$ cat model-v2.pdb   # PDB, C-alpha atoms
ATOM      1  CA  MET A   4    -114.200 109.491 155.593
ATOM      2  CA  ALA A   5    -113.199 105.907 154.801
ATOM      3  CA  GLN A   6    -114.586 104.469 151.610
ATOM      4  CA  CYS A   7    -117.760 102.443 152.073
ATOM      5  CA  PRO A   8    -119.078  99.582 149.970
ATOM      6  CA  ASP A   9    -122.145 100.729 148.075
ATOM      7  CA  SER A  10    -125.608 100.035 149.352
ATOM      8  CA  ALA A  11    -126.495  97.589 146.565
ATOM      9  CA  ALA A  12    -123.336  95.557 147.179
ATOM     10  CA  MET A  13    -124.093  95.294 150.913
ATOM     11  CA  LYS A  14    -127.623  94.080 150.145
ATOM     12  CA  ALA A  15    -126.339  91.498 147.672
ATOM     13  CA  THR A  16    -124.081  90.136 150.416
ATOM     14  CA  LEU A  17    -127.029  89.912 152.823
ATOM     15  CA  LEU A  18    -129.010  87.893 150.288
ATOM     16  CA  ALA A  19    -125.996  85.647 149.562
ATOM     17  CA  TYR A  20    -125.796  85.090 153.323
ATOM     18  CA  VAL A  21    -129.372  83.773 153.369
ATOM     19  CA  GLU A  22    -128.861  81.601 150.281
ATOM     20  CA  ARG A  23    -125.701  80.028 151.645
ATOM     21  CA  PHE A  24    -127.209  79.507 155.088
ATOM     22  CA  ASN A  25    -130.229  77.752 153.593
ATOM     23  CA  ALA A  26    -127.942  75.632 151.379
ATOM     24  CA  ALA A  27    -126.259  74.413 154.615
ATOM     25  CA  ASP A  28    -123.010  76.030 153.410
ATOM     26  CA  ALA A  29    -121.446  77.171 156.688
ATOM     27  CA  GLN A  30    -118.062  77.664 154.998
ATOM     28  CA  GLY A  31    -119.706  79.895 152.408
ATOM     29  CA  VAL A  32    -121.410  81.975 155.080
ATOM     30  CA  ALA A  33    -118.165  82.355 157.045
ATOM     31  CA  ALA A  34    -116.378  83.418 153.834
ATOM     32  CA  LEU A  35    -118.588  86.535 153.717
ATOM     33  CA  TYR A  36    -116.946  87.750 156.945
ATOM     34  CA  ALA A  37    -113.652  89.562 157.489
ATOM     35  CA  ASP A  38    -111.043  87.524 159.362
ATOM     36  CA  ASP A  39    -111.436  89.567 162.556
ATOM     37  CA  ALA A  40    -115.223  90.022 162.346
ATOM     38  CA  THR A  41    -117.608  89.805 165.287
ATOM     39  CA  VAL A  42    -121.044  88.164 165.569
ATOM     40  CA  GLU A  43    -123.360  89.233 168.424
ATOM     41  CA  ASP A  44    -126.378  86.917 168.237
ATOM     42  CA  PRO A  45    -128.564  87.883 169.978
ATOM     43  CA  VAL A  46    -127.710  91.507 170.767
ATOM     44  CA  GLY A  47    -126.794  91.419 174.462
ATOM     45  CA  ALA A  48    -124.877  88.131 174.243
ATOM     46  CA  GLN A  49    -121.084  87.807 174.309
ATOM     47  CA  PRO A  50    -119.861  88.389 170.722
ATOM     48  CA  VAL A  51    -118.206  85.563 168.791
ATOM     49  CA  THR A  52    -114.916  86.870 167.334
ATOM     50  CA  GLY A  53    -112.761  85.705 164.435
ATOM     51  CA  LYS A  54    -113.358  83.440 161.488
ATOM     52  CA  PRO A  55    -112.854  80.004 163.151
ATOM     53  CA  ALA A  56    -115.352  80.839 165.910
ATOM     54  CA  ILE A  57    -117.771  82.321 163.379
ATOM     55  CA  LEU A  58    -117.558  79.189 161.230
ATOM     56  CA  ALA A  59    -118.277  77.023 164.280
ATOM     57  CA  PHE A  60    -121.240  79.252 165.152
ATOM     58  CA  TYR A  61    -122.812  78.731 161.707
ATOM     59  CA  GLN A  62    -121.992  75.014 161.612
ATOM     60  CA  HIS A  63    -123.905  74.707 164.867
ATOM     61  CA  ALA A  64    -126.900  76.802 163.703
ATOM     62  CA  ILE A  65    -127.116  75.017 160.357
ATOM     63  CA  GLY A  66    -126.739  71.639 162.100
ATOM     64  CA  LEU A  67    -129.874  72.431 164.107
ATOM     65  CA  GLY A  68    -131.818  72.572 160.839
ATOM     66  CA  ALA A  69    -132.583  76.296 161.051
ATOM     67  CA  ARG A  70    -133.868  77.952 157.882
ATOM     68  CA  LEU A  71    -134.076  81.689 157.125
ATOM     69  CA  GLU A  72    -137.095  83.324 155.458
ATOM     70  CA  VAL A  73    -136.644  86.919 154.310
ATOM     71  CA  VAL A  74    -139.733  88.986 155.184
ATOM     72  CA  ALA A  75    -138.776  92.388 153.718
ATOM     73  CA  PRO A  76    -136.210  93.601 151.184
ATOM     74  CA  PRO A  77    -132.823  94.345 152.760
ATOM     75  CA  ARG A  78    -132.114  97.960 153.681
ATOM     76  CA  GLY A  79    -128.820  99.667 152.863
ATOM     77  CA  SER A  80    -127.501 102.982 154.132
ATOM     78  CA  HIS A  81    -125.388 105.981 153.239
ATOM     79  CA  GLY A  82    -122.660 104.518 155.469
ATOM     80  CA  ASP A  83    -121.138 101.097 156.142
ATOM     81  CA  ALA A  84    -124.231  99.302 157.500
ATOM     82  CA  ALA A  85    -127.143  97.339 156.067
ATOM     83  CA  ALA A  86    -130.072  95.516 157.661
ATOM     84  CA  LEU A  87    -132.033  92.355 156.938
ATOM     85  CA  THR A  88    -135.339  91.392 158.526
ATOM     86  CA  PHE A  89    -136.230  87.715 158.456
ATOM     87  CA  ALA A  90    -137.722  84.819 160.374
ATOM     88  CA  VAL A  91    -135.786  81.757 161.471
ATOM     89  CA  GLN A  92    -137.732  78.522 161.167
ATOM     90  CA  ALA A  93    -136.255  76.007 163.589
ATOM     91  CA  ARG A  94    -137.006  73.269 166.083
ATOM     92  CA  LEU A  95    -136.486  74.258 169.700
ATOM     93  CA  GLU A  96    -136.967  71.815 172.549
ATOM     94  CA  GLY A  97    -138.465  69.368 170.043
ATOM     95  CA  ARG A  98    -141.096  71.834 168.820
ATOM     96  CA  ALA A  99    -141.431  73.867 165.636
ATOM     97  CA  ALA A 100    -140.641  77.520 166.296
ATOM     98  CA  ARG A 101    -140.215  80.822 164.503
ATOM     99  CA  ILE A 102    -137.752  83.447 165.719
ATOM    100  CA  ASP A 103    -138.292  86.982 164.388
ATOM    101  CA  VAL A 104    -134.926  88.649 163.748
ATOM    102  CA  THR A 105    -133.369  91.781 162.251
ATOM    103  CA  ASP A 106    -129.657  91.499 161.530
ATOM    104  CA  VAL A 107    -127.539  94.612 161.144
ATOM    105  CA  MET A 108    -124.196  94.088 159.420
ATOM    106  CA  THR A 109    -121.340  96.539 158.992
ATOM    107  CA  PHE A 110    -118.965  96.156 156.064
ATOM    108  CA  GLY A 111    -115.367  96.955 155.264
ATOM    109  CA  ALA A 112    -114.220  98.702 152.107
ATOM    110  CA  ASP A 113    -113.491  95.224 150.665
ATOM    111  CA  GLY A 114    -117.194  94.356 150.962
ATOM    112  CA  ARG A 115    -116.744  91.752 153.679
ATOM    113  CA  ILE A 116    -118.845  91.785 156.849
ATOM    114  CA  ARG A 117    -117.023  93.331 159.811
ATOM    115  CA  SER A 118    -119.786  92.905 162.376
ATOM    116  CA  MET A 119    -123.190  91.280 162.686
ATOM    117  CA  ARG A 120    -125.713  92.071 165.413
ATOM    118  CA  ALA A 121    -128.885  89.960 165.536
ATOM    119  CA  HIS A 122    -131.843  91.778 167.091
ATOM    120  CA  TRP A 123    -134.215  89.272 168.694
ATOM    121  CA  GLY A 124    -135.459  89.025 172.226
ATOM    122  CA  PRO A 125    -137.022  86.312 174.376
ATOM    123  CA  ASP A 126    -140.408  87.534 173.143
ATOM    124  CA  ASP A 127    -139.407  87.045 169.487
ATOM    125  CA  VAL A 128    -139.450  83.247 169.859
ATOM    126  CA  HIS A 129    -142.849  81.905 168.802
ATOM    127  CA  PHE A 130    -143.725  78.209 169.161
ATOM    128  CA  LEU A 131    -145.957  77.127 166.264
TER     129      LEU A 131
ATOM    130  CA  MET B  11    -123.922  95.126 183.321
ATOM    131  CA  ALA B  12    -126.308  98.082 183.367
ATOM    132  CA  GLN B  13    -129.972  97.260 183.623
ATOM    133  CA  CYS B  14    -131.781  97.128 180.283
ATOM    134  CA  PRO B  15    -135.426  97.860 179.553
ATOM    135  CA  ASP B  16    -137.189  94.637 178.645
ATOM    136  CA  SER B  17    -137.718  93.632 175.064
ATOM    137  CA  ALA B  18    -141.507  94.078 175.148
ATOM    138  CA  ALA B  19    -141.176  97.611 176.559
ATOM    139  CA  MET B  20    -138.724  98.597 173.812
ATOM    140  CA  LYS B  21    -141.124  97.274 171.155
ATOM    141  CA  ALA B  22    -144.043  99.157 172.665
ATOM    142  CA  THR B  23    -142.003 102.357 172.408
ATOM    143  CA  LEU B  24    -141.236 101.643 168.744
ATOM    144  CA  LEU B  25    -144.935 101.228 167.997
ATOM    145  CA  ALA B  26    -145.789 104.405 169.971
ATOM    146  CA  TYR B  27    -143.180 106.174 167.837
ATOM    147  CA  VAL B  28    -145.028 105.179 164.653
ATOM    148  CA  GLU B  29    -148.443 106.110 166.072
ATOM    149  CA  ARG B  30    -147.270 109.534 167.202
ATOM    150  CA  PHE B  31    -145.434 110.195 163.954
ATOM    151  CA  ASN B  32    -148.530 109.322 161.920
ATOM    152  CA  ALA B  33    -150.657 111.508 164.213
ATOM    153  CA  ALA B  34    -148.360 114.442 163.289
ATOM    154  CA  ASP B  35    -147.334 114.652 166.969
ATOM    155  CA  ALA B  36    -143.693 115.749 166.707
ATOM    156  CA  GLN B  37    -143.629 116.704 170.395
ATOM    157  CA  GLY B  38    -144.868 113.247 171.301
ATOM    158  CA  VAL B  39    -142.188 111.586 169.170
ATOM    159  CA  ALA B  40    -139.449 113.753 170.676
ATOM    160  CA  ALA B  41    -140.727 112.907 174.184
ATOM    161  CA  LEU B  42    -139.764 109.265 173.578
ATOM    162  CA  TYR B  43    -136.101 110.324 173.426
ATOM    163  CA  ALA B  44    -133.612 110.973 176.222
ATOM    164  CA  ASP B  45    -132.492 114.602 176.503
ATOM    165  CA  ASP B  46    -129.032 113.865 175.078
ATOM    166  CA  ALA B  47    -130.136 111.330 172.464
ATOM    167  CA  THR B  48    -128.794 111.092 168.921
ATOM    168  CA  VAL B  49    -130.606 110.492 165.610
ATOM    169  CA  GLU B  50    -128.565 109.320 162.605
ATOM    170  CA  ASP B  51    -130.967 109.311 159.633
ATOM    171  CA  PRO B  52    -129.784 107.909 157.303
ATOM    172  CA  VAL B  53    -126.879 105.897 158.697
ATOM    173  CA  GLY B  54    -123.823 107.684 157.303
ATOM    174  CA  ALA B  55    -125.236 111.199 157.833
ATOM    175  CA  GLN B  56    -124.151 113.587 160.573
ATOM    176  CA  PRO B  57    -126.177 112.675 163.696
ATOM    177  CA  VAL B  58    -128.707 115.113 165.134
ATOM    178  CA  THR B  59    -128.030 115.500 168.872
ATOM    179  CA  GLY B  60    -130.194 116.674 171.764
ATOM    180  CA  LYS B  61    -133.911 117.074 172.216
ATOM    181  CA  PRO B  62    -134.419 120.513 170.562
ATOM    182  CA  ALA B  63    -132.652 119.385 167.373
ATOM    183  CA  ILE B  64    -134.520 116.074 167.430
ATOM    184  CA  LEU B  65    -137.849 117.867 167.776
ATOM    185  CA  ALA B  66    -136.972 120.098 164.807
ATOM    186  CA  PHE B  67    -136.010 117.020 162.785
ATOM    187  CA  TYR B  68    -139.430 115.414 163.354
ATOM    188  CA  GLN B  69    -141.333 118.654 162.826
ATOM    189  CA  HIS B  70    -139.642 118.872 159.437
ATOM    190  CA  ALA B  71    -140.306 115.232 158.480
ATOM    191  CA  ILE B  72    -143.917 115.363 159.621
ATOM    192  CA  GLY B  73    -144.361 118.691 157.838
ATOM    193  CA  LEU B  74    -143.401 116.998 154.579
ATOM    194  CA  GLY B  75    -146.436 114.739 154.965
ATOM    195  CA  ALA B  76    -144.427 111.546 155.464
ATOM    196  CA  ARG B  77    -146.305 108.537 156.802
ATOM    197  CA  LEU B  78    -144.843 105.325 158.289
ATOM    198  CA  GLU B  79    -146.155 101.842 157.452
ATOM    199  CA  VAL B  80    -144.859  99.002 159.603
ATOM    200  CA  VAL B  81    -144.028  95.971 157.439
ATOM    201  CA  ALA B  82    -142.916  93.455 160.098
ATOM    202  CA  PRO B  83    -143.345  93.145 163.865
ATOM    203  CA  PRO B  84    -140.641  95.003 165.813
ATOM    204  CA  ARG B  85    -137.680  92.954 167.006
ATOM    205  CA  GLY B  86    -136.290  93.236 170.530
ATOM    206  CA  SER B  87    -133.029  91.897 171.894
ATOM    207  CA  HIS B  88    -131.341  90.498 174.991
ATOM    208  CA  GLY B  89    -129.612  93.878 175.351
ATOM    209  CA  ASP B  90    -130.525  97.549 175.029
ATOM    210  CA  ALA B  91    -131.501  97.615 171.310
ATOM    211  CA  ALA B  92    -134.633  96.997 169.264
ATOM    212  CA  ALA B  93    -135.375  97.252 165.537
ATOM    213  CA  LEU B  94    -138.325  98.313 163.429
ATOM    214  CA  THR B  95    -138.722  97.695 159.693
ATOM    215  CA  PHE B  96    -141.121  99.967 157.860
ATOM    216  CA  ALA B  97    -141.773 101.965 154.713
ATOM    217  CA  VAL B  98    -142.032 105.748 154.583
ATOM    218  CA  GLN B  99    -144.706 106.998 152.219
ATOM    219  CA  ALA B 100    -143.808 110.534 151.159
ATOM    220  CA  ARG B 101    -143.692 112.999 148.310
ATOM    221  CA  LEU B 102    -140.203 113.689 146.997
ATOM    222  CA  GLU B 103    -139.552 116.206 144.222
ATOM    223  CA  GLY B 104    -143.298 116.381 143.700
ATOM    224  CA  ARG B 105    -143.696 112.652 143.191
ATOM    225  CA  ALA B 106    -145.109 109.880 145.382
ATOM    226  CA  ALA B 107    -142.298 107.772 146.797
ATOM    227  CA  ARG B 108    -141.673 104.932 149.192
ATOM    228  CA  ILE B 109    -138.481 104.716 151.243
ATOM    229  CA  ASP B 110    -137.670 101.298 152.739
ATOM    230  CA  VAL B 111    -136.148 101.723 156.195
ATOM    231  CA  THR B 112    -135.036  99.730 159.233
ATOM    232  CA  ASP B 113    -134.553 101.803 162.386
ATOM    233  CA  VAL B 114    -132.420 100.497 165.234
ATOM    234  CA  MET B 115    -132.965 102.220 168.566
ATOM    235  CA  THR B 116    -131.000 101.824 171.798
ATOM    236  CA  PHE B 117    -132.687 102.497 175.112
ATOM    237  CA  GLY B 118    -131.701 103.675 178.561
ATOM    238  CA  ALA B 119    -132.758 101.951 181.769
ATOM    239  CA  ASP B 120    -135.568 104.548 181.998
ATOM    240  CA  GLY B 121    -137.022 103.201 178.735
ATOM    241  CA  ARG B 122    -136.268 106.316 176.708
ATOM    242  CA  ILE B 123    -134.510 106.141 173.339
ATOM    243  CA  ARG B 124    -130.797 106.964 173.572
ATOM    244  CA  SER B 125    -129.963 106.574 169.899
ATOM    245  CA  MET B 126    -131.724 105.981 166.601
ATOM    246  CA  ARG B 127    -130.019 104.853 163.404
ATOM    247  CA  ALA B 128    -132.109 104.708 160.221
ATOM    248  CA  HIS B 129    -130.858 102.164 157.691
ATOM    249  CA  TRP B 130    -131.793 103.249 154.174
ATOM    250  CA  GLY B 131    -129.633 103.907 151.166
ATOM    251  CA  PRO B 132    -130.024 105.770 147.889
ATOM    252  CA  ASP B 133    -131.353 102.530 146.390
ATOM    253  CA  ASP B 134    -134.100 102.282 149.042
ATOM    254  CA  VAL B 135    -135.977 105.262 147.577
ATOM    255  CA  HIS B 136    -138.620 104.023 145.149
ATOM    256  CA  PHE B 137    -140.702 106.441 143.087
ATOM    257  CA  LEU B 138    -144.203 105.046 142.659
TER     258      LEU B 138
END
$ encode --input "model-v2.pdb" --output "structure tokens"
Amino acid sequence: MAQCPDSAAMKATLLAYVERFNAADAQGVAALYADDATVEDPVGAQPVTGKPAILAFYQHAIGLGARLEVVAPPRGSHGDAAALTFAVQARLEGRAARIDVTDVMTFGADGRIRSMRAHWGPDDVHFL
Amino acid sequence: MAQCPDSAAMKATLLAYVERFNAADAQGVAALYADDATVEDPVGAQPVTGKPAILAFYQHAIGLGARLEVVAPPRGSHGDAAALTFAVQARLEGRAARIDVTDVMTFGADGRIRSMRAHWGPDDVHFL
């Protein structure tokens, strides 16, 4: 079996992801990803692949003024995956909204994120 | 693209899963799964495959007196996956414990669960 990053290290990366996102540091968020990583947000959409596209994805999201609020401690695993459950506070169509999301990330042996899948559906968007 | 169950239907199944588990209804939990489904609990363990093995898995877990407490509303997706974040209250090695978990399920077009992956690591087990 390939070596996995430990569960605590994966969780620390998930929390760094939130901190950097909320500090409007798109470069810092993108730096958590492997060069050939994929981002599927939401699950069911066409994945974004590779660091330049991932950076552009976060520049766009951060530019919209989105903010992440963690609602439960991150979960690790005995494998290469960890999960984070949070709410996105954002403005959509000129109105305040909350999107309920659970991200699942997989990690390489170097601790960088290899894939992100954001679980949220049309019914997870709540106008406030 | 294959037809997906809608996000609300997937969430309803996740909540039925918790209700049946907490009612000690292992048969009812197993009935939510497709015949050839897989359960990987925790992520990184060898998956349990097929309905008889899945039923035995839940009979064992329920027999240990485990109880599930949902800590955030389930998340759907624009695809075939949904996520549920909860805590397992259980006795481990004779002591009360809480295990922090996020399950990700995928669903077939018939609404039954095709796969379950339980995200929890060694550091998600908290003795109380």
$ residues_around --input "model-v2.pdb" --residues "Ser118 in chain A" --least-positions-apart "2" --cutoff "12 Å" --atoms "all atoms listed in the file" --output "PyMOL selection string"
chain A and resi 33+35-44+46+50-54+57+83-86+106-111+114-116+120-121
$ interface_residues --input "model-v2.pdb" --of "chain B" --to "chain A" --cutoff "12 Å" --atoms "only C-alpha atoms" --output "short mmCIF file (atom, residue, chain, number, x, y, z; two decimals) with C-alpha atoms, keeping the file's coordinate frame"
data_model
loop_
_atom_site.label_atom_id
_atom_site.label_comp_id
_atom_site.auth_asym_id
_atom_site.auth_seq_id
_atom_site.Cartn_x
_atom_site.Cartn_y
_atom_site.Cartn_z
CA MET B 11 -123.92 95.13 183.32
CA ALA B 12 -126.31 98.08 183.37
CA GLN B 13 -129.97 97.26 183.62
CA CYS B 14 -131.78 97.13 180.28
CA PRO B 15 -135.43 97.86 179.55
CA ASP B 16 -137.19 94.64 178.64
CA SER B 17 -137.72 93.63 175.06
CA ALA B 18 -141.51 94.08 175.15
CA ALA B 19 -141.18 97.61 176.56
CA MET B 20 -138.72 98.60 173.81
CA LYS B 21 -141.12 97.27 171.16
CA GLU B 50 -128.56 109.32 162.60
CA ASP B 51 -130.97 109.31 159.63
CA PRO B 52 -129.78 107.91 157.30
CA VAL B 53 -126.88 105.90 158.70
CA GLY B 54 -123.82 107.68 157.30
CA ALA B 55 -125.24 111.20 157.83
CA GLN B 56 -124.15 113.59 160.57
CA VAL B 80 -144.86 99.00 159.60
CA VAL B 81 -144.03 95.97 157.44
CA ALA B 82 -142.92 93.46 160.10
CA PRO B 83 -143.34 93.14 163.86
CA PRO B 84 -140.64 95.00 165.81
CA ARG B 85 -137.68 92.95 167.01
CA GLY B 86 -136.29 93.24 170.53
CA SER B 87 -133.03 91.90 171.89
CA HIS B 88 -131.34 90.50 174.99
CA GLY B 89 -129.61 93.88 175.35
CA ASP B 90 -130.52 97.55 175.03
CA ALA B 91 -131.50 97.62 171.31
CA ALA B 92 -134.63 97.00 169.26
CA ALA B 93 -135.38 97.25 165.54
CA LEU B 94 -138.32 98.31 163.43
CA THR B 95 -138.72 97.70 159.69
CA PHE B 96 -141.12 99.97 157.86
CA ALA B 97 -141.77 101.96 154.71
CA ILE B 109 -138.48 104.72 151.24
CA ASP B 110 -137.67 101.30 152.74
CA VAL B 111 -136.15 101.72 156.20
CA THR B 112 -135.04 99.73 159.23
CA ASP B 113 -134.55 101.80 162.39
CA VAL B 114 -132.42 100.50 165.23
CA MET B 115 -132.96 102.22 168.57
CA THR B 116 -131.00 101.82 171.80
CA ARG B 127 -130.02 104.85 163.40
CA ALA B 128 -132.11 104.71 160.22
CA HIS B 129 -130.86 102.16 157.69
CA TRP B 130 -131.79 103.25 154.17
CA GLY B 131 -129.63 103.91 151.17
CA PRO B 132 -130.02 105.77 147.89
CA ASP B 133 -131.35 102.53 146.39
CA ASP B 134 -134.10 102.28 149.04
CA VAL B 135 -135.98 105.26 147.58
#
$ resolve_selection --input "model-v2.pdb" --expression "the PyMOL selection byres ((chain A and resi 67) around 12)" --output "PyMOL selection string"
chain A and resi 24-25+27+60-66+68-70+91-97+99
$ resolve_selection --input "model-v2.pdb" --expression "the PyMOL selection byres ((chain A and resi 20) around 10)" --output "ChimeraX atom specification"
/A:14-19,21-26,28-29,31-36,71
$ axis_aligned_box --input "model-v2.pdb" --around "range 75-85 of chain B" --padding-each-side "5 Å" --output "lines of an AutoDock Vina configuration file"
center_x = -142.1
center_y = 103.8
center_z = 161.0
size_x = 18.8
size_y = 31.8
size_z = 22.0
$ closest_residue --input "model-v2.pdb" --among "B:Asp120, B:Glu79, B:Leu65, B:Gln37" --to "Arg108 in chain B" --atoms "all atoms listed in the file"
B:Glu79
$ decode --input "model-v2.pdb" --residues "range 90-107 of chain B" --atoms "N, CA and C atoms" --output "short mmCIF file (atom, residue, chain, number, x, y, z; two decimals), in the first residue's frame"
data_model
loop_
_atom_site.label_atom_id
_atom_site.label_comp_id
_atom_site.auth_asym_id
_atom_site.auth_seq_id
_atom_site.Cartn_x
_atom_site.Cartn_y
_atom_site.Cartn_z
N ASP B 90 -24.22 11.98 -8.02
CA ASP B 90 -24.81 10.79 -7.41
C ASP B 90 -24.38 10.59 -5.96
N ALA B 91 -23.80 11.62 -5.32
CA ALA B 91 -23.24 11.47 -3.97
C ALA B 91 -23.90 12.42 -2.99
N ALA B 92 -23.93 12.00 -1.73
CA ALA B 92 -24.39 12.85 -0.63
C ALA B 92 -23.55 12.52 0.59
N ALA B 93 -23.53 13.45 1.56
CA ALA B 93 -22.63 13.32 2.71
C ALA B 93 -23.39 13.59 4.00
N LEU B 94 -23.01 12.85 5.04
CA LEU B 94 -23.62 13.05 6.35
C LEU B 94 -22.53 13.08 7.42
N THR B 95 -22.56 14.12 8.25
CA THR B 95 -21.58 14.32 9.31
C THR B 95 -22.25 14.07 10.64
N PHE B 96 -21.67 13.17 11.41
CA PHE B 96 -22.32 12.74 12.66
C PHE B 96 -21.25 12.29 13.65
N ALA B 97 -21.73 11.99 14.87
CA ALA B 97 -20.87 11.40 15.89
C ALA B 97 -21.47 10.05 16.26
N VAL B 98 -20.60 9.07 16.45
CA VAL B 98 -21.02 7.76 16.96
C VAL B 98 -20.75 7.76 18.47
N GLN B 99 -21.80 7.51 19.23
CA GLN B 99 -21.63 7.31 20.67
C GLN B 99 -21.55 5.80 20.89
N ALA B 100 -20.50 5.35 21.54
CA ALA B 100 -20.29 3.90 21.69
C ALA B 100 -19.46 3.63 22.94
N ARG B 101 -19.37 2.37 23.28
CA ARG B 101 -18.43 1.95 24.32
C ARG B 101 -17.30 1.19 23.64
N LEU B 102 -16.08 1.63 23.90
CA LEU B 102 -14.90 0.99 23.34
C LEU B 102 -14.00 0.61 24.50
N GLU B 103 -13.56 -0.64 24.52
CA GLU B 103 -12.67 -1.10 25.60
C GLU B 103 -13.26 -0.76 26.97
N GLY B 104 -14.60 -0.87 27.05
CA GLY B 104 -15.26 -0.66 28.32
C GLY B 104 -15.46 0.79 28.72
N ARG B 105 -15.10 1.71 27.82
CA ARG B 105 -15.22 3.12 28.15
C ARG B 105 -16.14 3.82 27.15
N ALA B 106 -16.83 4.88 27.63
CA ALA B 106 -17.68 5.67 26.74
C ALA B 106 -16.78 6.44 25.77
N ALA B 107 -17.17 6.45 24.52
CA ALA B 107 -16.36 7.10 23.49
C ALA B 107 -17.25 7.74 22.45
#
